[in-house]
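Novice: One structure coming up, written as structure tokens, with questions to follow.
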Amino acid sequence: PFARPPLAPRRRRPPPVCSASKVGSVPLALDPHRWVQLGILSMLALLSDWTCFATVAVPSEWMTLEGHDAAELIDIFLASNVVSCFLFTDIAARLGLKKVVTGAATMMAGGCLLRSGIPFVEPAIEVMPGYGWEVAGTILVGMAQPFFQCTPPLLSATWFGSSERALATATAINFNQVGIATAFIVGGLMANSPEGMHAYFDVLACVSIAAAAATALLFRDRPETPPSASAAAAAAELA
């Protein structure tokens, strides 16, 4: 009988190379501070839409106080928002996440101050600022909103693991709707008189200032350790 030829040795497949090794074997870890980042961005998104729809629950009171339809400010807000959306990508790419979000939070706080006047230090007869100040403040908040509205996917990719990104993005985006609901509830309860309207705008200004301060103190560009290989690769490209 013919001798069977020896079998060729099997070739071993090389072990799969993980993405992290391509960027210098950077250790991956989830930073607990990611929830603080998400909370800040969600609160800013809430405040921006709360400001936009602040008077929607009390249109007759607003008309009596300022002599203008409440829908006018919403139109002005949305027009400013659209203009700012075209600028978002270039500004965010140039300045980074922390600077754009902090700057936009400060702009929103300034806009709310223009709409309310200096909170809680007015004379006994409460007087709202003139309508021109209301328009100017609304433009500032409208231009700030895209920096809260368009950043959730970037925040999720930078701070969250792959299994958490959908949840983080949806949470931040949906807080815009919470802001609209807040405008209906709080505005309907507080803004039923000139004094109540002024106090309502004062509350909105104070909350916006507090949110801007929290953003400046706590918001960061990226975690110390990337949460995923893709985030590590992106950080290496920026380095």
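All residue names refer to the structure tokens as shown: chains lettered A, B, ... in order, residues numbered from 1 in each chain, ligands numbered from 1 in order.
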In range 6-238 of chain A, what's helix (DSSP H, G or I) per DSSP? Answer as a CSV table (one decimal) with N, CA and C atoms, in the first residue's frame?

Specialist:
```
chain,number,residue,atom,x,y,z
A,19,SER,N,-8.8,47.3,19.3
A,19,SER,CA,-8.6,48.6,18.8
A,19,SER,C,-7.7,49.4,19.8
A,20,ALA,N,-7.8,49.1,21.1
A,20,ALA,CA,-7.0,49.8,22.1
A,20,ALA,C,-5.5,49.7,21.8
A,21,SER,N,-5.1,48.4,21.3
A,21,SER,CA,-3.7,48.3,21.1
A,21,SER,C,-3.2,49.1,19.9
A,22,LYS,N,-4.1,49.5,19.0
A,22,LYS,CA,-3.7,50.4,17.9
A,22,LYS,C,-3.4,51.8,18.4
A,34,ARG,N,-19.2,60.7,34.3
A,34,ARG,CA,-20.0,60.8,33.1
A,34,ARG,C,-21.4,61.2,33.3
A,35,TRP,N,-22.0,60.7,34.5
A,35,TRP,CA,-23.4,61.0,34.8
A,35,TRP,C,-23.5,62.5,35.2
A,36,VAL,N,-22.5,63.1,35.7
A,36,VAL,CA,-22.6,64.5,36.0
A,36,VAL,C,-22.6,65.3,34.7
A,37,GLN,N,-21.8,64.9,33.7
A,37,GLN,CA,-21.8,65.6,32.4
A,37,GLN,C,-23.2,65.5,31.8
A,38,LEU,N,-23.7,64.3,31.8
A,38,LEU,CA,-25.0,64.1,31.2
A,38,LEU,C,-26.1,64.9,31.9
A,39,GLY,N,-26.0,65.0,33.3
A,39,GLY,CA,-27.0,65.7,34.0
A,39,GLY,C,-26.9,67.2,33.7
A,40,ILE,N,-25.7,67.8,33.6
A,40,ILE,CA,-25.5,69.2,33.2
A,40,ILE,C,-26.1,69.5,31.9
A,41,LEU,N,-25.7,68.7,30.9
A,41,LEU,CA,-26.2,68.9,29.5
A,41,LEU,C,-27.7,68.8,29.4
A,42,SER,N,-28.3,67.8,30.2
A,42,SER,CA,-29.8,67.6,30.2
A,42,SER,C,-30.4,68.8,30.8
A,43,MET,N,-29.9,69.3,31.9
A,43,MET,CA,-30.5,70.5,32.5
A,43,MET,C,-30.4,71.7,31.6
A,44,LEU,N,-29.3,71.9,30.9
A,44,LEU,CA,-29.2,73.0,30.0
A,44,LEU,C,-30.2,72.9,28.9
A,45,ALA,N,-30.4,71.7,28.4
A,45,ALA,CA,-31.4,71.5,27.3
A,45,ALA,C,-32.8,71.8,27.9
A,46,LEU,N,-33.1,71.4,29.1
A,46,LEU,CA,-34.4,71.7,29.7
A,46,LEU,C,-34.6,73.2,29.8
A,47,LEU,N,-33.6,73.9,30.3
A,47,LEU,CA,-33.7,75.4,30.5
A,47,LEU,C,-33.9,76.1,29.2
A,48,SER,N,-33.3,75.7,28.1
A,48,SER,CA,-33.4,76.4,26.9
A,48,SER,C,-34.8,76.3,26.3
A,49,ASP,N,-35.4,75.1,26.4
A,49,ASP,CA,-36.8,75.0,25.9
A,49,ASP,C,-37.8,75.6,26.9
A,50,TRP,N,-37.5,75.6,28.2
A,50,TRP,CA,-38.3,76.2,29.1
A,50,TRP,C,-38.4,77.7,28.8
A,51,THR,N,-37.2,78.3,28.5
A,51,THR,CA,-37.2,79.7,28.2
A,51,THR,C,-37.9,80.0,26.9
A,52,CYS,N,-37.8,79.2,25.9
A,52,CYS,CA,-38.4,79.4,24.6
A,52,CYS,C,-40.0,79.4,24.8
A,59,PRO,N,-50.8,83.2,27.5
A,59,PRO,CA,-50.6,84.2,26.4
A,59,PRO,C,-51.4,85.5,26.7
A,60,SER,N,-52.6,85.4,27.3
A,60,SER,CA,-53.4,86.6,27.5
A,60,SER,C,-52.7,87.5,28.6
A,61,GLU,N,-52.1,87.0,29.6
A,61,GLU,CA,-51.3,87.8,30.6
A,61,GLU,C,-50.1,88.4,29.9
A,62,TRP,N,-49.4,87.7,29.1
A,62,TRP,CA,-48.3,88.3,28.4
A,62,TRP,C,-48.7,89.4,27.4
A,63,MET,N,-49.8,89.2,26.7
A,63,MET,CA,-50.3,90.3,25.8
A,63,MET,C,-50.7,91.5,26.6
A,64,THR,N,-51.3,91.4,27.8
A,64,THR,CA,-51.6,92.5,28.6
A,64,THR,C,-50.4,93.2,29.1
A,65,LEU,N,-49.4,92.4,29.5
A,65,LEU,CA,-48.2,93.0,30.1
A,65,LEU,C,-47.3,93.7,29.1
A,66,GLU,N,-47.0,93.0,27.9
A,66,GLU,CA,-46.1,93.5,26.9
A,66,GLU,C,-46.7,94.0,25.6
A,70,ALA,N,-47.5,86.1,22.5
A,70,ALA,CA,-46.5,85.2,23.1
A,70,ALA,C,-45.8,84.4,22.0
A,71,ALA,N,-46.5,84.1,20.9
A,71,ALA,CA,-45.9,83.3,19.8
A,71,ALA,C,-44.8,84.0,19.1
A,72,GLU,N,-44.7,85.4,19.2
A,72,GLU,CA,-43.7,86.1,18.5
A,72,GLU,C,-42.3,85.7,19.1
A,73,LEU,N,-42.2,85.6,20.4
A,73,LEU,CA,-40.9,85.3,21.0
A,73,LEU,C,-40.5,83.9,20.6
A,74,ILE,N,-41.5,83.0,20.5
A,74,ILE,CA,-41.1,81.6,20.0
A,74,ILE,C,-40.6,81.6,18.6
A,75,ASP,N,-41.2,82.4,17.7
A,75,ASP,CA,-40.7,82.5,16.4
A,75,ASP,C,-39.3,83.1,16.3
A,76,ILE,N,-39.0,84.1,17.1
A,76,ILE,CA,-37.7,84.7,17.2
A,76,ILE,C,-36.7,83.7,17.7
A,77,PHE,N,-37.1,83.0,18.7
A,77,PHE,CA,-36.2,82.0,19.3
A,77,PHE,C,-35.8,80.9,18.2
A,78,LEU,N,-36.8,80.4,17.5
A,78,LEU,CA,-36.5,79.4,16.5
A,78,LEU,C,-35.7,79.9,15.4
A,79,ALA,N,-35.9,81.1,15.0
A,79,ALA,CA,-35.1,81.7,13.9
A,79,ALA,C,-33.7,81.8,14.3
A,80,SER,N,-33.4,82.3,15.5
A,80,SER,CA,-32.1,82.4,16.1
A,80,SER,C,-31.4,81.0,16.2
A,81,ASN,N,-32.2,80.0,16.6
A,81,ASN,CA,-31.8,78.6,16.7
A,81,ASN,C,-31.2,78.1,15.4
A,82,VAL,N,-32.0,78.3,14.3
A,82,VAL,CA,-31.6,77.8,13.0
A,82,VAL,C,-30.3,78.4,12.5
A,83,VAL,N,-30.1,79.7,12.7
A,83,VAL,CA,-28.9,80.4,12.4
A,83,VAL,C,-27.7,79.8,13.1
A,84,SER,N,-27.9,79.6,14.4
A,84,SER,CA,-26.8,79.0,15.2
A,84,SER,C,-26.5,77.6,14.9
A,85,CYS,N,-27.4,76.8,14.4
A,85,CYS,CA,-27.2,75.4,14.0
A,85,CYS,C,-26.2,75.3,12.9
A,86,PHE,N,-26.2,76.3,12.0
A,86,PHE,CA,-25.2,76.3,10.9
A,86,PHE,C,-23.8,76.5,11.4
A,87,LEU,N,-23.7,77.2,12.6
A,87,LEU,CA,-22.3,77.5,13.1
A,87,LEU,C,-21.8,76.5,14.1
A,88,PHE,N,-22.7,75.6,14.5
A,88,PHE,CA,-22.3,74.7,15.6
A,88,PHE,C,-21.1,73.8,15.3
A,89,THR,N,-21.1,73.1,14.1
A,89,THR,CA,-20.1,72.2,13.8
A,89,THR,C,-18.7,72.8,13.8
A,90,ASP,N,-18.6,73.9,13.1
A,90,ASP,CA,-17.2,74.5,13.0
A,90,ASP,C,-16.8,75.0,14.4
A,91,ILE,N,-17.7,75.6,15.2
A,91,ILE,CA,-17.3,76.2,16.5
A,91,ILE,C,-16.9,75.0,17.4
A,92,ALA,N,-17.7,74.0,17.4
A,92,ALA,CA,-17.4,72.9,18.3
A,92,ALA,C,-16.1,72.2,18.0
A,93,ALA,N,-15.9,72.0,16.7
A,93,ALA,CA,-14.6,71.4,16.3
A,93,ALA,C,-13.4,72.3,16.6
A,94,ARG,N,-13.6,73.6,16.6
A,94,ARG,CA,-12.4,74.4,16.9
A,94,ARG,C,-12.2,74.6,18.4
A,95,LEU,N,-13.2,74.7,19.2
A,95,LEU,CA,-13.1,75.0,20.6
A,95,LEU,C,-13.2,73.8,21.5
A,97,LEU,N,-15.6,70.5,23.5
A,97,LEU,CA,-16.9,70.4,24.1
A,97,LEU,C,-17.1,71.3,25.3
A,98,LYS,N,-16.1,71.4,26.2
A,98,LYS,CA,-16.2,72.2,27.4
A,98,LYS,C,-16.4,73.7,27.1
A,99,LYS,N,-15.6,74.2,26.2
A,99,LYS,CA,-15.7,75.7,25.9
A,99,LYS,C,-17.0,76.0,25.3
A,100,VAL,N,-17.5,75.2,24.3
A,100,VAL,CA,-18.7,75.6,23.6
A,100,VAL,C,-20.0,75.4,24.6
A,101,VAL,N,-20.0,74.4,25.4
A,101,VAL,CA,-21.1,74.2,26.3
A,101,VAL,C,-21.1,75.3,27.4
A,102,THR,N,-19.9,75.5,27.9
A,102,THR,CA,-19.8,76.6,29.0
A,102,THR,C,-20.2,77.9,28.4
A,103,GLY,N,-19.7,78.2,27.2
A,103,GLY,CA,-20.0,79.5,26.6
A,103,GLY,C,-21.5,79.7,26.3
A,104,ALA,N,-22.1,78.6,25.8
A,104,ALA,CA,-23.5,78.7,25.5
A,104,ALA,C,-24.3,78.8,26.8
A,105,ALA,N,-23.9,78.1,27.9
A,105,ALA,CA,-24.6,78.2,29.1
A,105,ALA,C,-24.6,79.6,29.7
A,106,THR,N,-23.4,80.3,29.5
A,106,THR,CA,-23.2,81.7,29.9
A,106,THR,C,-24.1,82.6,29.1
A,107,MET,N,-24.1,82.3,27.8
A,107,MET,CA,-25.0,83.1,26.9
A,107,MET,C,-26.5,83.0,27.3
A,108,MET,N,-26.9,81.8,27.6
A,108,MET,CA,-28.3,81.6,28.0
A,108,MET,C,-28.6,82.3,29.3
A,109,ALA,N,-27.7,82.2,30.3
A,109,ALA,CA,-27.9,83.0,31.5
A,109,ALA,C,-28.0,84.5,31.3
A,110,GLY,N,-27.2,85.0,30.4
A,110,GLY,CA,-27.2,86.4,30.1
A,110,GLY,C,-28.6,86.8,29.4
A,111,GLY,N,-29.0,85.9,28.5
A,111,GLY,CA,-30.3,86.1,27.9
A,111,GLY,C,-31.5,86.1,28.8
A,112,CYS,N,-31.4,85.2,29.8
A,112,CYS,CA,-32.5,85.2,30.8
A,112,CYS,C,-32.5,86.4,31.7
A,113,LEU,N,-31.3,86.9,32.0
A,113,LEU,CA,-31.2,88.2,32.7
A,113,LEU,C,-31.7,89.3,32.0
A,114,LEU,N,-31.5,89.4,30.7
A,114,LEU,CA,-32.1,90.5,29.9
A,114,LEU,C,-33.6,90.4,29.9
A,115,ARG,N,-34.2,89.2,29.9
A,115,ARG,CA,-35.6,89.0,29.9
A,115,ARG,C,-36.2,89.3,31.3
A,116,SER,N,-35.5,89.2,32.4
A,116,SER,CA,-36.1,89.3,33.7
A,116,SER,C,-35.7,90.6,34.4
A,131,TYR,N,-40.0,95.4,25.9
A,131,TYR,CA,-40.1,94.3,24.9
A,131,TYR,C,-38.8,94.1,24.1
A,132,GLY,N,-38.1,95.2,23.9
A,132,GLY,CA,-36.8,95.1,23.1
A,132,GLY,C,-35.8,94.2,23.9
A,133,TRP,N,-35.8,94.3,25.2
A,133,TRP,CA,-34.9,93.5,26.1
A,133,TRP,C,-35.4,92.0,26.0
A,134,GLU,N,-36.7,91.8,26.0
A,134,GLU,CA,-37.2,90.5,25.9
A,134,GLU,C,-36.7,89.8,24.6
A,135,VAL,N,-36.8,90.6,23.5
A,135,VAL,CA,-36.4,90.0,22.2
A,135,VAL,C,-34.9,89.8,22.2
A,136,ALA,N,-34.1,90.7,22.7
A,136,ALA,CA,-32.6,90.5,22.8
A,136,ALA,C,-32.2,89.2,23.6
A,137,GLY,N,-32.9,89.1,24.7
A,137,GLY,CA,-32.6,87.9,25.6
A,137,GLY,C,-33.0,86.6,24.9
A,138,THR,N,-34.2,86.7,24.2
A,138,THR,CA,-34.6,85.5,23.5
A,138,THR,C,-33.7,85.1,22.4
A,139,ILE,N,-33.1,86.1,21.7
A,139,ILE,CA,-32.1,85.8,20.6
A,139,ILE,C,-30.9,85.1,21.2
A,140,LEU,N,-30.4,85.6,22.3
A,140,LEU,CA,-29.3,84.9,22.9
A,140,LEU,C,-29.5,83.5,23.3
A,141,VAL,N,-30.7,83.2,24.0
A,141,VAL,CA,-31.0,81.9,24.4
A,141,VAL,C,-31.2,81.0,23.1
A,142,GLY,N,-31.9,81.5,22.1
A,142,GLY,CA,-32.1,80.7,20.9
A,142,GLY,C,-30.8,80.4,20.2
A,143,MET,N,-29.8,81.3,20.2
A,143,MET,CA,-28.5,81.0,19.6
A,143,MET,C,-27.7,80.0,20.5
A,144,ALA,N,-27.9,80.0,21.8
A,144,ALA,CA,-27.2,79.1,22.7
A,144,ALA,C,-27.8,77.6,22.6
A,146,PRO,N,-28.6,75.3,20.3
A,146,PRO,CA,-27.9,74.2,19.5
A,146,PRO,C,-26.7,73.6,20.2
A,147,PHE,N,-26.1,74.3,21.0
A,147,PHE,CA,-24.9,73.8,21.7
A,147,PHE,C,-25.3,72.8,22.8
A,148,PHE,N,-26.6,72.7,23.1
A,148,PHE,CA,-27.1,71.7,24.0
A,148,PHE,C,-27.8,70.6,23.3
A,149,GLN,N,-28.4,71.1,22.1
A,149,GLN,CA,-29.3,70.2,21.4
A,149,GLN,C,-28.5,69.3,20.4
A,152,PRO,N,-25.4,66.0,22.4
A,152,PRO,CA,-25.6,64.7,23.0
A,152,PRO,C,-24.9,63.5,22.4
A,153,PRO,N,-24.9,63.4,21.0
A,153,PRO,CA,-24.1,62.2,20.4
A,153,PRO,C,-22.6,62.4,20.7
A,154,LEU,N,-22.1,63.6,20.7
A,154,LEU,CA,-20.7,63.8,20.9
A,154,LEU,C,-20.3,63.5,22.4
A,155,LEU,N,-21.2,63.9,23.3
A,155,LEU,CA,-21.0,63.6,24.7
A,155,LEU,C,-21.0,62.1,25.0
A,156,SER,N,-22.0,61.5,24.3
A,156,SER,CA,-22.1,60.0,24.5
A,156,SER,C,-20.9,59.3,24.0
A,157,ALA,N,-20.4,59.6,22.8
A,157,ALA,CA,-19.2,59.0,22.3
A,157,ALA,C,-18.0,59.2,23.1
A,158,THR,N,-17.9,60.4,23.7
A,158,THR,CA,-16.7,60.7,24.5
A,158,THR,C,-16.7,60.2,25.9
A,159,TRP,N,-17.8,60.1,26.5
A,159,TRP,CA,-17.9,59.7,27.9
A,159,TRP,C,-18.5,58.3,28.2
A,165,ARG,N,-24.5,54.4,25.2
A,165,ARG,CA,-24.6,55.6,24.4
A,165,ARG,C,-26.0,55.9,24.0
A,166,ALA,N,-26.8,54.9,23.6
A,166,ALA,CA,-28.2,55.2,23.2
A,166,ALA,C,-29.0,55.8,24.3
A,167,LEU,N,-28.8,55.3,25.5
A,167,LEU,CA,-29.5,55.8,26.7
A,167,LEU,C,-29.1,57.2,27.0
A,168,ALA,N,-27.8,57.5,26.9
A,168,ALA,CA,-27.3,58.8,27.3
A,168,ALA,C,-27.8,59.9,26.2
A,169,THR,N,-27.7,59.5,25.0
A,169,THR,CA,-28.1,60.4,23.9
A,169,THR,C,-29.6,60.7,24.0
A,170,ALA,N,-30.4,59.7,24.2
A,170,ALA,CA,-31.9,59.9,24.3
A,170,ALA,C,-32.3,60.7,25.5
A,171,THR,N,-31.6,60.5,26.6
A,171,THR,CA,-31.9,61.2,27.8
A,171,THR,C,-31.6,62.7,27.6
A,172,ALA,N,-30.5,63.1,27.1
A,172,ALA,CA,-30.2,64.5,26.9
A,172,ALA,C,-31.1,65.2,25.9
A,173,ILE,N,-31.4,64.4,24.8
A,173,ILE,CA,-32.3,65.0,23.8
A,173,ILE,C,-33.7,65.2,24.3
A,174,ASN,N,-34.2,64.2,25.1
A,174,ASN,CA,-35.6,64.3,25.5
A,174,ASN,C,-35.8,65.3,26.6
A,175,PHE,N,-34.8,65.8,27.3
A,175,PHE,CA,-35.0,66.8,28.3
A,175,PHE,C,-35.4,68.1,27.7
A,176,ASN,N,-35.3,68.3,26.3
A,176,ASN,CA,-36.0,69.4,25.7
A,176,ASN,C,-37.5,69.4,25.9
A,177,GLN,N,-38.0,68.2,25.8
A,177,GLN,CA,-39.5,68.0,26.0
A,177,GLN,C,-39.9,68.3,27.5
A,178,VAL,N,-39.0,67.9,28.4
A,178,VAL,CA,-39.2,68.2,29.8
A,178,VAL,C,-39.3,69.7,30.0
A,179,GLY,N,-38.4,70.4,29.3
A,179,GLY,CA,-38.4,71.9,29.4
A,179,GLY,C,-39.7,72.5,29.0
A,180,ILE,N,-40.3,72.0,27.9
A,180,ILE,CA,-41.6,72.5,27.4
A,180,ILE,C,-42.7,72.2,28.4
A,181,ALA,N,-42.7,71.0,29.0
A,181,ALA,CA,-43.7,70.6,30.0
A,181,ALA,C,-43.5,71.5,31.3
A,182,THR,N,-42.2,71.8,31.6
A,182,THR,CA,-42.0,72.7,32.8
A,182,THR,C,-42.6,74.1,32.5
A,183,ALA,N,-42.4,74.6,31.3
A,183,ALA,CA,-43.0,75.9,30.9
A,183,ALA,C,-44.5,76.0,31.2
A,184,PHE,N,-45.2,74.9,30.7
A,184,PHE,CA,-46.6,74.9,30.9
A,184,PHE,C,-47.0,74.8,32.4
A,185,ILE,N,-46.3,74.0,33.2
A,185,ILE,CA,-46.7,73.7,34.6
A,185,ILE,C,-46.3,74.9,35.4
A,186,VAL,N,-45.0,75.3,35.4
A,186,VAL,CA,-44.6,76.4,36.3
A,186,VAL,C,-45.2,77.8,35.8
A,187,GLY,N,-45.2,78.0,34.5
A,187,GLY,CA,-45.7,79.2,34.0
A,187,GLY,C,-47.2,79.4,34.3
A,188,GLY,N,-47.9,78.3,34.2
A,188,GLY,CA,-49.4,78.3,34.5
A,188,GLY,C,-49.6,78.6,35.9
A,189,LEU,N,-48.7,78.1,36.8
A,189,LEU,CA,-48.9,78.3,38.3
A,189,LEU,C,-48.5,79.7,38.7
A,190,MET,N,-47.4,80.2,38.2
A,190,MET,CA,-46.8,81.4,38.7
A,190,MET,C,-47.2,82.7,38.0
A,194,PRO,N,-49.0,90.5,36.8
A,194,PRO,CA,-47.7,91.1,36.5
A,194,PRO,C,-46.6,90.8,37.5
A,195,GLU,N,-47.0,90.8,38.8
A,195,GLU,CA,-46.0,90.4,39.8
A,195,GLU,C,-45.6,88.9,39.7
A,196,GLY,N,-46.5,88.1,39.4
A,196,GLY,CA,-46.2,86.7,39.3
A,196,GLY,C,-45.4,86.4,38.0
A,197,MET,N,-45.6,87.2,36.9
A,197,MET,CA,-44.8,87.0,35.7
A,197,MET,C,-43.4,87.4,36.0
A,198,HIS,N,-43.2,88.5,36.7
A,198,HIS,CA,-41.9,89.0,37.0
A,198,HIS,C,-41.1,88.0,37.9
A,199,ALA,N,-41.8,87.5,38.9
A,199,ALA,CA,-41.2,86.5,39.8
A,199,ALA,C,-40.8,85.2,39.0
A,200,TYR,N,-41.7,84.9,38.1
A,200,TYR,CA,-41.5,83.7,37.3
A,200,TYR,C,-40.2,83.8,36.4
A,201,PHE,N,-40.1,85.0,35.8
A,201,PHE,CA,-38.9,85.2,35.0
A,201,PHE,C,-37.6,85.3,35.9
A,202,ASP,N,-37.8,85.9,37.1
A,202,ASP,CA,-36.7,85.9,38.0
A,202,ASP,C,-36.2,84.5,38.4
A,203,VAL,N,-37.1,83.6,38.6
A,203,VAL,CA,-36.8,82.2,38.9
A,203,VAL,C,-36.0,81.6,37.8
A,204,LEU,N,-36.5,81.8,36.6
A,204,LEU,CA,-35.9,81.2,35.4
A,204,LEU,C,-34.4,81.8,35.2
A,205,ALA,N,-34.3,83.1,35.5
A,205,ALA,CA,-32.9,83.7,35.4
A,205,ALA,C,-32.0,83.1,36.5
A,206,CYS,N,-32.5,82.9,37.7
A,206,CYS,CA,-31.6,82.4,38.8
A,206,CYS,C,-31.2,80.9,38.5
A,207,VAL,N,-32.2,80.1,38.0
A,207,VAL,CA,-31.8,78.7,37.7
A,207,VAL,C,-30.8,78.7,36.5
A,208,SER,N,-30.9,79.6,35.6
A,208,SER,CA,-30.0,79.6,34.4
A,208,SER,C,-28.6,80.0,34.9
A,209,ILE,N,-28.5,81.0,35.8
A,209,ILE,CA,-27.2,81.4,36.3
A,209,ILE,C,-26.6,80.2,37.1
A,210,ALA,N,-27.4,79.5,37.9
A,210,ALA,CA,-26.8,78.4,38.7
A,210,ALA,C,-26.4,77.3,37.7
A,211,ALA,N,-27.1,77.1,36.7
A,211,ALA,CA,-26.7,76.0,35.7
A,211,ALA,C,-25.4,76.4,35.0
A,212,ALA,N,-25.3,77.7,34.6
A,212,ALA,CA,-24.0,78.2,34.0
A,212,ALA,C,-22.8,78.0,34.9
A,213,ALA,N,-23.0,78.4,36.2
A,213,ALA,CA,-21.9,78.2,37.2
A,213,ALA,C,-21.5,76.7,37.3
A,214,ALA,N,-22.5,75.9,37.4
A,214,ALA,CA,-22.2,74.4,37.5
A,214,ALA,C,-21.5,73.9,36.3
A,215,THR,N,-21.9,74.4,35.1
A,215,THR,CA,-21.2,74.0,33.9
A,215,THR,C,-19.7,74.4,33.9
A,216,ALA,N,-19.5,75.7,34.3
A,216,ALA,CA,-18.1,76.2,34.4
A,216,ALA,C,-17.2,75.4,35.3
A,217,LEU,N,-17.8,75.0,36.4
A,217,LEU,CA,-17.1,74.3,37.5
A,217,LEU,C,-16.9,72.8,37.2
A,218,LEU,N,-17.9,72.2,36.7
A,218,LEU,CA,-17.9,70.7,36.6
A,218,LEU,C,-17.8,70.1,35.3
A,229,ALA,N,-12.6,51.8,22.9
A,229,ALA,CA,-11.4,51.9,22.0
A,229,ALA,C,-11.6,53.0,21.0
A,230,SER,N,-12.9,53.2,20.5
A,230,SER,CA,-13.1,54.3,19.6
A,230,SER,C,-12.9,55.6,20.2
A,231,ALA,N,-13.3,55.8,21.5
A,231,ALA,CA,-13.0,57.1,22.2
A,231,ALA,C,-11.5,57.3,22.4
A,232,ALA,N,-10.8,56.2,22.6
A,232,ALA,CA,-9.3,56.3,22.8
A,232,ALA,C,-8.7,56.7,21.4
A,233,ALA,N,-9.2,56.1,20.3
A,233,ALA,CA,-8.6,56.5,19.0
A,233,ALA,C,-8.9,58.0,18.7
A,234,ALA,N,-10.1,58.4,19.0
A,234,ALA,CA,-10.5,59.8,18.8
A,234,ALA,C,-9.6,60.8,19.6
A,235,ALA,N,-9.4,60.4,20.9
A,235,ALA,CA,-8.5,61.2,21.7
A,235,ALA,C,-7.1,61.3,21.2
A,236,ALA,N,-6.6,60.1,20.7
A,236,ALA,CA,-5.3,60.1,20.2
A,236,ALA,C,-5.1,61.0,18.9
A,237,GLU,N,-6.2,61.0,18.1
A,237,GLU,CA,-6.1,61.9,16.9
A,237,GLU,C,-6.0,63.4,17.3
A,238,LEU,N,-6.7,63.7,18.4
A,238,LEU,CA,-6.8,65.1,18.8
A,238,LEU,C,-5.5,65.5,19.6
```

Novice: Just how far from CA of Thr151 in chain A is CA of Leu28 in chain A, in Å to one decimal?

Specialist: 22.5 Å
